[in-house]
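Enquirer: There's a structure below that I have some questions on.
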Amino acid sequence: MILLLLLLFSLAVRVVKQYERGVLFRFGRVIGVREPGLTVIIPLVDVLQRVSLRIVTMPIQSQGIITKDNVSVDVSAVAYFRVADAVKSVVAIENVGAAINQIAQTTLRKVVGQHTLDETLSETDRINVDIRQILDVATEEWGVVVTLVELKDIQLPESMKRAMARQAEAEREKRAKIIAAEGEAMAADALGAAADVMMAHPLALQLRNLQSLVEIGVDRNTTVVFPAPLMSTIGELGAFLAREASSATAPGPVPPNGRPLPASAP
């Protein structure tokens, strides 16, 4: 009798975990849902089926998709779902995971095929939301809620990768040339303003030349070739030669007795 009672007790007592709900069938009909904890059923009459309510991570296999602009890509994703209604998930569909996997693959191909390649690469957030909304409508009758869908990987053909690399390189070169041209324009404006200031104040050019000499002297060069203003240098050289010539042709002093002065000793 004790062994029989123990056997009946083991058949009649069920434990439902915190993250589960128990769907109770009696003679094949659903009579209720059992909450977490200890549950007693009628042996050989009742059947208790446990359903997990935890979020399930389901990878979506890579799908070969042709985008709206006729580019072939391979896209893989991942979906997160959980059971919201334990009775519907048991009665309405046989295998919830397999059904969501199949419908997620078809939805992924459908949604990505409606976008161009650039939109697929840059607007992944919007594509994720569209896929999740479509899956929510389809799985509502199954008592399942799709919480999140994320595109995981987008594989491009090698030819498309090379084309995109050339496009990116050309874009960088364009930006570099524009920045260099803007710098040249700003430098030209600054040089024009500096030239106007030096024209109004001639000494500013000499001060700038002295400053350049000081900067060059820091390097301890043995020879410094420094360009000077050409016209002013020629004028100063001409004036110096004229002074030397006039001093050489001028007559010397005449002594009082009219005789030439003796040559002085070296």
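The chains in the structure tokens are called A, B, ... from first to last as shown; in each chain the residues are counted from 1, and the ligands are counted from 1 in the order shown.
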Quick one: contact table of range 149-218 of chain A to range 120-133 of chain A, 12 Å max, nearest atom pair and distance in Å to one decimal per residue, counting only C-alpha atoms, chain and number order, as a tab-separated table?
Expert:
residue	atom	partner	partner_atom	distance
A:Val149	CA	A:Asn128	CA	5.5
A:Glu150	CA	A:Asn128	CA	5.6
A:Leu151	CA	A:Asn128	CA	6.8
A:Lys152	CA	A:Thr124	CA	9.9
A:Asp153	CA	A:Leu121	CA	10.2
A:Ile154	CA	A:Leu121	CA	8.0
A:Gln155	CA	A:Leu121	CA	10.6
A:Leu156	CA	A:Leu121	CA	10.5
A:Met164	CA	A:Leu121	CA	11.9
Enquirer: What does the file look like for those residues with all heavy atoms, as a PDB file, in the first residue's frame?
Expert:
ATOM      1  N   VAL A 149      14.153  42.083 -33.720  1.00  0.00           N
ATOM      2  CA  VAL A 149      14.765  41.480 -34.909  1.00  0.00           C
ATOM      3  C   VAL A 149      15.930  42.370 -35.317  1.00  0.00           C
ATOM      4  O   VAL A 149      15.775  43.589 -35.433  1.00  0.00           O
ATOM      5  CB  VAL A 149      13.764  41.335 -36.069  1.00  0.00           C
ATOM      6  CG1 VAL A 149      14.474  40.801 -37.312  1.00  0.00           C
ATOM      7  CG2 VAL A 149      12.627  40.405 -35.680  1.00  0.00           C
ATOM      8  N   GLU A 150      17.087  41.774 -35.536  1.00  0.00           N
ATOM      9  CA  GLU A 150      18.285  42.523 -35.905  1.00  0.00           C
ATOM     10  C   GLU A 150      18.970  41.838 -37.081  1.00  0.00           C
ATOM     11  O   GLU A 150      19.161  40.621 -37.077  1.00  0.00           O
ATOM     12  CB  GLU A 150      19.270  42.617 -34.734  1.00  0.00           C
ATOM     13  CG  GLU A 150      18.824  43.505 -33.592  1.00  0.00           C
ATOM     14  CD  GLU A 150      18.882  44.974 -33.923  1.00  0.00           C
ATOM     15  OE1 GLU A 150      19.598  45.330 -34.904  1.00  0.00           O
ATOM     16  OE2 GLU A 150      18.224  45.761 -33.236  1.00  0.00           O
ATOM     17  N   LEU A 151      19.328  42.649 -38.102  1.00  0.00           N
ATOM     18  CA  LEU A 151      20.160  42.139 -39.186  1.00  0.00           C
ATOM     19  C   LEU A 151      21.564  41.908 -38.638  1.00  0.00           C
ATOM     20  O   LEU A 151      22.181  42.826 -38.102  1.00  0.00           O
ATOM     21  CB  LEU A 151      20.193  43.119 -40.358  1.00  0.00           C
ATOM     22  CG  LEU A 151      18.854  43.381 -41.072  1.00  0.00           C
ATOM     23  CD1 LEU A 151      19.058  44.345 -42.222  1.00  0.00           C
ATOM     24  CD2 LEU A 151      18.227  42.093 -41.558  1.00  0.00           C
ATOM     25  N   LYS A 152      22.062  40.713 -38.781  1.00  0.00           N
ATOM     26  CA  LYS A 152      23.343  40.362 -38.168  1.00  0.00           C
ATOM     27  C   LYS A 152      24.518  40.517 -39.116  1.00  0.00           C
ATOM     28  O   LYS A 152      25.581  40.987 -38.730  1.00  0.00           O
ATOM     29  CB  LYS A 152      23.263  38.925 -37.646  1.00  0.00           C
ATOM     30  CG  LYS A 152      24.493  38.480 -36.865  1.00  0.00           C
ATOM     31  CD  LYS A 152      24.234  37.163 -36.154  1.00  0.00           C
ATOM     32  CE  LYS A 152      23.913  36.059 -37.110  1.00  0.00           C
ATOM     33  NZ  LYS A 152      23.796  34.734 -36.433  1.00  0.00           N
ATOM     34  N   ASP A 153      24.350  40.134 -40.374  1.00  0.00           N
ATOM     35  CA  ASP A 153      25.469  40.160 -41.322  1.00  0.00           C
ATOM     36  C   ASP A 153      24.916  40.358 -42.722  1.00  0.00           C
ATOM     37  O   ASP A 153      23.892  39.773 -43.090  1.00  0.00           O
ATOM     38  CB  ASP A 153      26.272  38.865 -41.245  1.00  0.00           C
ATOM     39  CG  ASP A 153      27.575  38.947 -42.040  1.00  0.00           C
ATOM     40  OD1 ASP A 153      27.993  40.076 -42.352  1.00  0.00           O
ATOM     41  OD2 ASP A 153      28.153  37.897 -42.358  1.00  0.00           O
ATOM     42  N   ILE A 154      25.628  41.190 -43.514  1.00  0.00           N
ATOM     43  CA  ILE A 154      25.277  41.438 -44.911  1.00  0.00           C
ATOM     44  C   ILE A 154      26.523  41.168 -45.739  1.00  0.00           C
ATOM     45  O   ILE A 154      27.522  41.891 -45.631  1.00  0.00           O
ATOM     46  CB  ILE A 154      24.777  42.877 -45.131  1.00  0.00           C
ATOM     47  CG1 ILE A 154      23.537  43.154 -44.271  1.00  0.00           C
ATOM     48  CG2 ILE A 154      24.471  43.130 -46.600  1.00  0.00           C
ATOM     49  CD1 ILE A 154      23.047  44.583 -44.350  1.00  0.00           C
ATOM     50  N   GLN A 155      26.478  40.125 -46.547  1.00  0.00           N
ATOM     51  CA  GLN A 155      27.600  39.730 -47.386  1.00  0.00           C
ATOM     52  C   GLN A 155      27.388  40.263 -48.798  1.00  0.00           C
ATOM     53  O   GLN A 155      26.364  40.004 -49.422  1.00  0.00           O
ATOM     54  CB  GLN A 155      27.742  38.205 -47.414  1.00  0.00           C
ATOM     55  CG  GLN A 155      28.127  37.591 -46.072  1.00  0.00           C
ATOM     56  CD  GLN A 155      29.547  37.934 -45.666  1.00  0.00           C
ATOM     57  OE1 GLN A 155      30.398  38.231 -46.510  1.00  0.00           O
ATOM     58  NE2 GLN A 155      29.812  37.884 -44.371  1.00  0.00           N
ATOM     59  N   LEU A 156      28.396  41.008 -49.301  1.00  0.00           N
ATOM     60  CA  LEU A 156      28.324  41.585 -50.641  1.00  0.00           C
ATOM     61  C   LEU A 156      29.234  40.816 -51.588  1.00  0.00           C
ATOM     62  O   LEU A 156      30.244  40.249 -51.158  1.00  0.00           O
ATOM     63  CB  LEU A 156      28.747  43.061 -50.608  1.00  0.00           C
ATOM     64  CG  LEU A 156      27.921  43.997 -49.714  1.00  0.00           C
ATOM     65  CD1 LEU A 156      28.530  45.386 -49.722  1.00  0.00           C
ATOM     66  CD2 LEU A 156      26.486  44.045 -50.173  1.00  0.00           C
ATOM     67  N   MET A 164      32.554  49.715 -54.368  1.00  0.00           N
ATOM     68  CA  MET A 164      32.290  50.603 -53.236  1.00  0.00           C
ATOM     69  C   MET A 164      33.586  51.182 -52.687  1.00  0.00           C
ATOM     70  O   MET A 164      33.628  52.339 -52.241  1.00  0.00           O
ATOM     71  CB  MET A 164      31.547  49.831 -52.147  1.00  0.00           C
ATOM     72  CG  MET A 164      30.148  49.405 -52.545  1.00  0.00           C
ATOM     73  SD  MET A 164      29.298  48.454 -51.268  1.00  0.00           S
ATOM     74  CE  MET A 164      29.132  49.680 -49.992  1.00  0.00           C
TER      75      MET A 164
END
Enquirer: Do you know which residues are at most 8 Å from range 40-55 of chain A counting only C-alpha atoms, after dropping those on the same chain fewer than 3 positions away, and could you put them as an MDAnalysis selection string?
Expert: chainID A and resid 8 11:14 16 19:27 80:84 86 90
Enquirer: How many Å lie between CA of Ser62 in chain A and CA of Val75 in chain A, rounded to one decimal?
Expert: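 We find that CA of Ser62 in chain A and CA of Val75 in chain A lie 5.1 Å from each other.
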Enquirer: Need to verify the contact set: range 66-71 of chain A, 7 Å, only C-alpha atoms, exclusion of same-chain residues closer than 5 positions in sequence. Can you return it as a PyMOL selection string?
Expert: chain A and resi 112-117
Enquirer: Could you take the residues named above and write them with N, CA, C and O atoms, as a short mmCIF file (atom, residue, chain, number, x, y, z; two decimals), in the first residue's frame?
Expert:
data_model
loop_
_atom_site.label_atom_id
_atom_site.label_comp_id
_atom_site.auth_asym_id
_atom_site.auth_seq_id
_atom_site.Cartn_x
_atom_site.Cartn_y
_atom_site.Cartn_z
N VAL A 112 13.82 42.95 -47.27
CA VAL A 112 15.09 43.42 -47.83
C VAL A 112 14.99 43.58 -49.34
O VAL A 112 15.59 44.49 -49.93
N GLY A 113 14.22 42.72 -50.02
CA GLY A 113 14.05 42.84 -51.46
C GLY A 113 13.34 44.11 -51.89
O GLY A 113 13.40 44.48 -53.07
N GLN A 114 12.65 44.79 -50.98
CA GLN A 114 11.96 46.03 -51.31
C GLN A 114 12.84 47.25 -51.14
O GLN A 114 12.37 48.37 -51.39
N HIS A 115 14.10 47.09 -50.76
CA HIS A 115 15.01 48.21 -50.55
C HIS A 115 16.21 48.08 -51.47
O HIS A 115 16.57 46.98 -51.89
N THR A 116 16.83 49.21 -51.77
CA THR A 116 18.07 49.20 -52.54
C THR A 116 19.24 48.82 -51.64
O THR A 116 19.10 48.72 -50.42
N LEU A 117 20.39 48.62 -52.27
CA LEU A 117 21.56 48.23 -51.49
C LEU A 117 21.96 49.32 -50.51
O LEU A 117 22.28 49.03 -49.35
#
Enquirer: Using only C-alpha atoms, can you tell me which of A:Thr39, A:Gln211, A:Thr57, A:Gln63 comes closest to Leu108 in chain A?
Expert: A:Gln63
Enquirer: Once DSSP has gone over the backbone, tell me which residues of range 25-102 of chain A are in strand (DSSP E), as number ranges by chain.
Expert: A: 25-26, 29-34, 37-40, 46-52, 56-66, 72-83
Enquirer: State, in Å with one decimal place, the distance from CA of Met58 in chain A to CA of Ala79 in chain A.
Expert: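 Separating CA of Met58 in chain A from CA of Ala79 in chain A is a distance of 5.2 Å.
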Enquirer: What parts of range 18-105 of chain A does DSSP call helix (DSSP H, G or I)? I'd like the answer as a list in words.
Expert: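 After running DSSP on the backbone, range 18-105 of chain A has helix (DSSP H, G or I) at Ala86, Val87, Lys88, Ser89, Val90, Val91, Val96, Gly97, Ala98, Ala99, Ile100, Asn101, Gln102, Ile103, Ala104 and Gln105 of chain A.
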Enquirer: Taking 5 positions as the minimum chain separation for residues in the same chain, which residues sit within 10 Å of Leu205 in chain A when counting only C-alpha atoms? Answer as number ranges by chain.
Expert: A: 194-195, 197-199, 210-211, 229
